[in-house]
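Structure first, then comments.
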Amino acid sequence: MTTISANAVVPPLGQVGRVTQFRVALSEWTKLRSLRSTRWSLLVGSVLAIGFPVLFATVLSNRWSHLSPHERAHRHPLDVALSGVQVAQLAIGVLGVLLITGEYSTGMIRSTMLAVPKRLPVLWAKAGVYALISFALMLPAVLIAFFASQAILGRHRILQISFSHSGVARSVIGGAVYLTLVGVFSLGLGAIVRNTAGGIATFAAIMFVIPPLLNVLPSSWNNAINPYLPSTAGQAIFALTHGSDTLAPGPGFALFCGYTALAVAVAAILLHRRDT
Amino acid sequence: MIEVYGLTKDYGEKRAVDDLSFAVRPGVVTGFLGPNGSGKSTTMRLILGLDAPTAGTALVNGKHYREFVSPLHEVGALLEARSVHTGRSAYNHLLALAQTHGIPRRRVDDLIDLVGLHDVARKRAGGFSLGMGQRLGVATALLADPAVLVLDEPVNGLDPEGIKWIRNLLKGFAAEGRTVFVSSHLMSEMALTADHLIVIGRGKLIADMEVDEFVQQASGKVVRVRSPQANRLREIVMASGVAVSSREREVLEITGLTAAQVGDAAAKAGIVLHELTPVQVSLEEAFMDITRSAVEYKAVDVAPSRDRAA
């Protein structure tokens, strides 16, 4: 560490701009890219989204001759291609929580609120920047996952499906859309809970714990509730087909957008009202 | 200019700030004094819009902090609690804050050089020592060339060189006509830096006056007298409003009379005096004296006691 300058002359600053939504977004982009934890989470998310389909395609190709006809009939190429989405949502969701709770746990939130005392632009900027980054990384990831897994399966001439086949492009791109929404949804949860462990637990409970728990209920109840859960509605976005117990992609997308908007709206109200 | 009117803040049952009203004028360094836990940090957080007051208002240059369009240019703040993400470098921390106001990168470099963090600017702030963290906090406060400085315990953890630097900085800022509001629980530090004092205890205003006035008010009221006829002198001066105490034989401490009055009284009665001294109270003692009743967490007497064993 060099020593402090002997005389305390602070150089004057010519012009200082006003705080704008765009400037806050630029600041949030700097914050996001300057943390090792975010870079790692995004890298891991991308690797998982591509790695699992490649792994599963390889295993299926090698074991295909040992599978029963019944088993073969139940394998679908899109399930392989989008298997990474199921795993990557964990990385994207946890990072979404961390982006906001990390500021509370370190005290950075105070610096942030002093710079942007109107507060809400920070939430919009965080959600917007994270949505853009997630989509920019996850879209290529799911596309690579699709074509890579198809190429591997294609060498054994099994489970082939064309990207132009009805609903395939929508499903693959839907995987990236789903992950993006998961990111914003979890960011909203993090802003509500303001605590890393609590935020991740809430996210995991809503997405992974509650859905299987509903199997305990009478199946008529379960069937009535299940399609409208955030996780089920969200996964309808990238499901190729839908049955009686799941929503069609359009309504599923709309409902999951609604849940995401609700989480962010509650976060906004609390952020505006609560002491920092 | 900072103006606070009837500021009150409750945290649950506990009242942290209790009906505070004061003004911090530009052009002088105003010290904000009080024992630990007296509500200094809370008051500053209320001024900075981080917490919302239960009652009353706090205005900076006539506005609520939350109304500013360029808040960092209006007020530079250093909070006592760390306000930096531990995983981010000092450079990126300052850059992210600068970007909210469209401040160029050059300014970030300038400030890093100014506070002497050049060699560690690219390292994670989580590894910083207390002093380095404090320097980063000062750089953050100065980032947008603010008109008002609000600093909570800025010399905490700084080495003597750094403390002197902060002192000069504050005085320089005030000399330029800016407003400087700086808290401390150390009277001695304020004695060297502040021109004006606002003293609080248990969230209430105790004093709002010039530093000189503060010392004067507490000093000059006690006169120490040494005399072989101390007992006779005690009988003579004892009157209403006068208190006499004696810590050793032949020495009296008289409160409520000036040295001249005591001397005259002794001469009239033919009492020999060996010493007659107006007792000078230091700023430290004046502070202790004035806040004694307001100290919330008194140190517990740790001397072994028979009661405890019993």
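Identifiers in this document derive from the order of the structure tokens: chains are assigned A, B, ..., residues are numbered from 1 separately in each chain, and ligands are numbered from 1 in order of occurrence.
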
Would you return as a PyMOL selection string the members of stretch 137-167 of chain B that DSSP assigns to helix (DSSP H, G or I) on this structure's backbone? chain B and resi 137-142+160-167

Writing out the chosen residues with N, CA and C atoms as a JSON list (two decimals), in the first residue's frame:
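Saved file again.json follows:
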[["chain", "number", "residue", "atom", "x", "y", "z"],
["B", 137, "GLY", "N", -13.53, 4.07, 1.81],
["B", 137, "GLY", "CA", -14.76, 4.77, 2.19],
["B", 137, "GLY", "C", -14.63, 6.27, 1.96],
["B", 138, "VAL", "N", -13.46, 6.81, 2.28],
["B", 138, "VAL", "CA", -13.23, 8.24, 2.07],
["B", 138, "VAL", "C", -13.24, 8.56, 0.57],
["B", 139, "ALA", "N", -12.60, 7.69, -0.22],
["B", 139, "ALA", "CA", -12.60, 7.88, -1.68],
["B", 139, "ALA", "C", -14.02, 7.87, -2.22],
["B", 140, "THR", "N", -14.85, 6.97, -1.69],
["B", 140, "THR", "CA", -16.25, 6.89, -2.11],
["B", 140, "THR", "C", -16.97, 8.19, -1.78],
["B", 141, "ALA", "N", -16.72, 8.71, -0.59],
["B", 141, "ALA", "CA", -17.39, 9.94, -0.17],
["B", 141, "ALA", "C", -17.00, 11.12, -1.06],
["B", 142, "LEU", "N", -15.73, 11.15, -1.50],
["B", 142, "LEU", "CA", -15.24, 12.29, -2.28],
["B", 142, "LEU", "C", -15.47, 12.14, -3.78],
["B", 160, "PRO", "N", -1.71, 7.33, 12.44],
["B", 160, "PRO", "CA", -1.60, 8.76, 12.76],
["B", 160, "PRO", "C", -1.51, 9.64, 11.50],
["B", 161, "GLU", "N", -0.79, 9.13, 10.50],
["B", 161, "GLU", "CA", -0.66, 9.89, 9.25],
["B", 161, "GLU", "C", -2.02, 10.08, 8.58],
["B", 162, "GLY", "N", -2.79, 8.99, 8.58],
["B", 162, "GLY", "CA", -4.12, 9.04, 7.98],
["B", 162, "GLY", "C", -5.06, 9.95, 8.75],
["B", 163, "ILE", "N", -4.94, 9.92, 10.08],
["B", 163, "ILE", "CA", -5.78, 10.77, 10.92],
["B", 163, "ILE", "C", -5.52, 12.24, 10.61],
["B", 164, "LYS", "N", -4.23, 12.57, 10.48],
["B", 164, "LYS", "CA", -3.86, 13.94, 10.19],
["B", 164, "LYS", "C", -4.40, 14.35, 8.81],
["B", 165, "TRP", "N", -4.32, 13.40, 7.91],
["B", 165, "TRP", "CA", -4.80, 13.66, 6.54],
["B", 165, "TRP", "C", -6.30, 13.98, 6.55],
["B", 166, "ILE", "N", -7.05, 13.19, 7.30],
["B", 166, "ILE", "CA", -8.51, 13.41, 7.39],
["B", 166, "ILE", "C", -8.79, 14.78, 8.01],
["B", 167, "ARG", "N", -8.03, 15.11, 9.07],
["B", 167, "ARG", "CA", -8.22, 16.39, 9.75],
["B", 167, "ARG", "C", -8.05, 17.54, 8.76]]

Near chain A, 6 Å: chain B residue rows, closest pairs, only C-alpha atoms, as a Markdown table:
| residue | atom | partner | partner_atom | distance |
| --- | --- | --- | --- | --- |
| B:Leu50 | CA | A:Thr276 | CA | 5.3 |
| B:Asp51 | CA | A:Asp275 | CA | 4.4 |
| B:Arg66 | CA | A:Pro117 | CA | 4.9 |
| B:Val69 | CA | A:Arg18 | CA | 5.2 |
| B:Ser70 | CA | A:Arg18 | CA | 4.7 |
| B:Leu72 | CA | A:Ala115 | CA | 5.8 |
| B:Arg82 | CA | A:Gly107 | CA | 5.9 |
| B:Ser83 | CA | A:Gly107 | CA | 4.3 |
| B:Val84 | CA | A:Met108 | CA | 4.5 |
| B:His85 | CA | A:Met108 | CA | 5.1 |
| B:Gly87 | CA | A:Leu35 | CA | 5.9 |
| B:Arg88 | CA | A:Leu35 | CA | 5.6 |
| B:Ala96 | CA | A:Ser27 | CA | 4.5 |
| B:Gln99 | CA | A:Ser27 | CA | 5.3 |
| B:Thr100 | CA | A:Arg23 | CA | 4.8 |
| B:His101 | CA | A:Gly17 | CA | 5.0 |
| B:Gly102 | CA | A:Gly17 | CA | 5.4 |
| B:Leu114 | CA | A:Ser5 | CA | 5.9 |
| B:Val115 | CA | A:Ile4 | CA | 5.2 |
| B:Gly116 | CA | A:Ile4 | CA | 4.4 |
| B:Asp119 | CA | A:Met1 | CA | 5.5 |
| B:Asp145 | CA | A:Leu13 | CA | 5.9 |
| B:Leu169 | CA | A:Ala8 | CA | 5.1 |

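What separates atom CA of B:Arg224 from atom CA of B:Ala207 is a distance of 26.7 Å.
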
Could you pull the residues within 12 Å of A:Ala141, counting only C-alpha atoms, minus those fewer than 4 positions along the same chain, as a ChimeraX atom specification? /A:42-54,81-85,88,134-137,145-149,172-173,175-177,179

May I have the residues within 7 Å of A:Ala268 as a list of chain:residue names, using only C-alpha atoms and disregarding those fewer than 4 positions away in the same chain? A:Leu120, A:Val264, A:His272

Nearest-residue call for B:Ser183, choices B:Ala265, B:Met288, B:Val223, B:Leu79, using only C-alpha atoms: B:Leu79

Select, from A:Leu240, A:Leu99, A:Arg194, A:Ala91, the residue with the minimum atom-to-atom distance to A:Ser166, counting only C-alpha atoms. A:Leu240

Leaving out B:Leu48 and any residue of its chain fewer than 6 positions from it, which residues lie within 9 Å of it when counting only C-alpha atoms, given as a list in words?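 These residues fall inside the cut-off: Leu114 and Pro117 of chain A; Ala58, Val60, His64, Tyr65, Arg66, Val75, Ala77 and Val150 of chain B.
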
Counting only C-alpha atoms, what is within 7 Å of A:Thr196, bar same-chain residues fewer than 5 positions away, as a compact mmCIF listing (two decimals) with N, CA and C atoms, in the first residue's frame?
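Wrote it out as out.txt, contents follow:
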# COMPACT_ATOMS: atom_id res chain seq x y z
N VAL A 97 -30.63 -14.97 -6.65
CA VAL A 97 -30.78 -14.63 -5.23
C VAL A 97 -29.55 -13.87 -4.74
N LEU A 98 -28.37 -14.41 -5.10
CA LEU A 98 -27.10 -13.83 -4.62
C LEU A 98 -26.88 -12.40 -5.10
N THR A 101 -28.92 -10.47 -2.45
CA THR A 101 -28.61 -10.72 -1.03
C THR A 101 -27.14 -10.49 -0.74
N GLY A 102 -26.29 -10.64 -1.76
CA GLY A 102 -24.86 -10.37 -1.57
C GLY A 102 -24.63 -8.91 -1.18

Selection: 8 Å around B:Leu143, only C-alpha atoms, excl. self and same-chain fewer than 4 positions, as a VMD selection string: chain B and resid 72 76 94 98 107 to 108 111 139

Can you write out the residues you just picked, keeping N, CA and C atoms, as a short mmCIF file (atom, residue, chain, number, x, y, z; two decimals), in the first residue's frame?
data_model
loop_
_atom_site.label_atom_id
_atom_site.label_comp_id
_atom_site.auth_asym_id
_atom_site.auth_seq_id
_atom_site.Cartn_x
_atom_site.Cartn_y
_atom_site.Cartn_z
N LEU B 72 -24.82 11.83 -5.01
CA LEU B 72 -23.41 11.75 -4.61
C LEU B 72 -22.71 13.10 -4.78
N GLY B 76 -21.40 13.60 0.19
CA GLY B 76 -20.45 12.49 0.22
C GLY B 76 -20.53 11.89 1.60
N LEU B 94 -15.66 1.63 -6.91
CA LEU B 94 -15.78 3.06 -7.20
C LEU B 94 -16.35 3.29 -8.60
N ALA B 98 -19.52 5.44 -9.63
CA ALA B 98 -19.31 6.59 -10.52
C ALA B 98 -20.26 6.53 -11.71
N ARG B 107 -11.70 9.90 -13.02
CA ARG B 107 -11.97 10.38 -11.66
C ARG B 107 -11.72 9.25 -10.65
N VAL B 108 -12.09 8.04 -11.02
CA VAL B 108 -11.88 6.89 -10.14
C VAL B 108 -10.39 6.69 -9.89
N LEU B 111 -8.98 9.39 -7.53
CA LEU B 111 -9.30 9.23 -6.12
C LEU B 111 -8.55 8.07 -5.49
N ALA B 139 -12.60 7.69 -0.22
CA ALA B 139 -12.60 7.88 -1.68
C ALA B 139 -14.02 7.87 -2.22
#
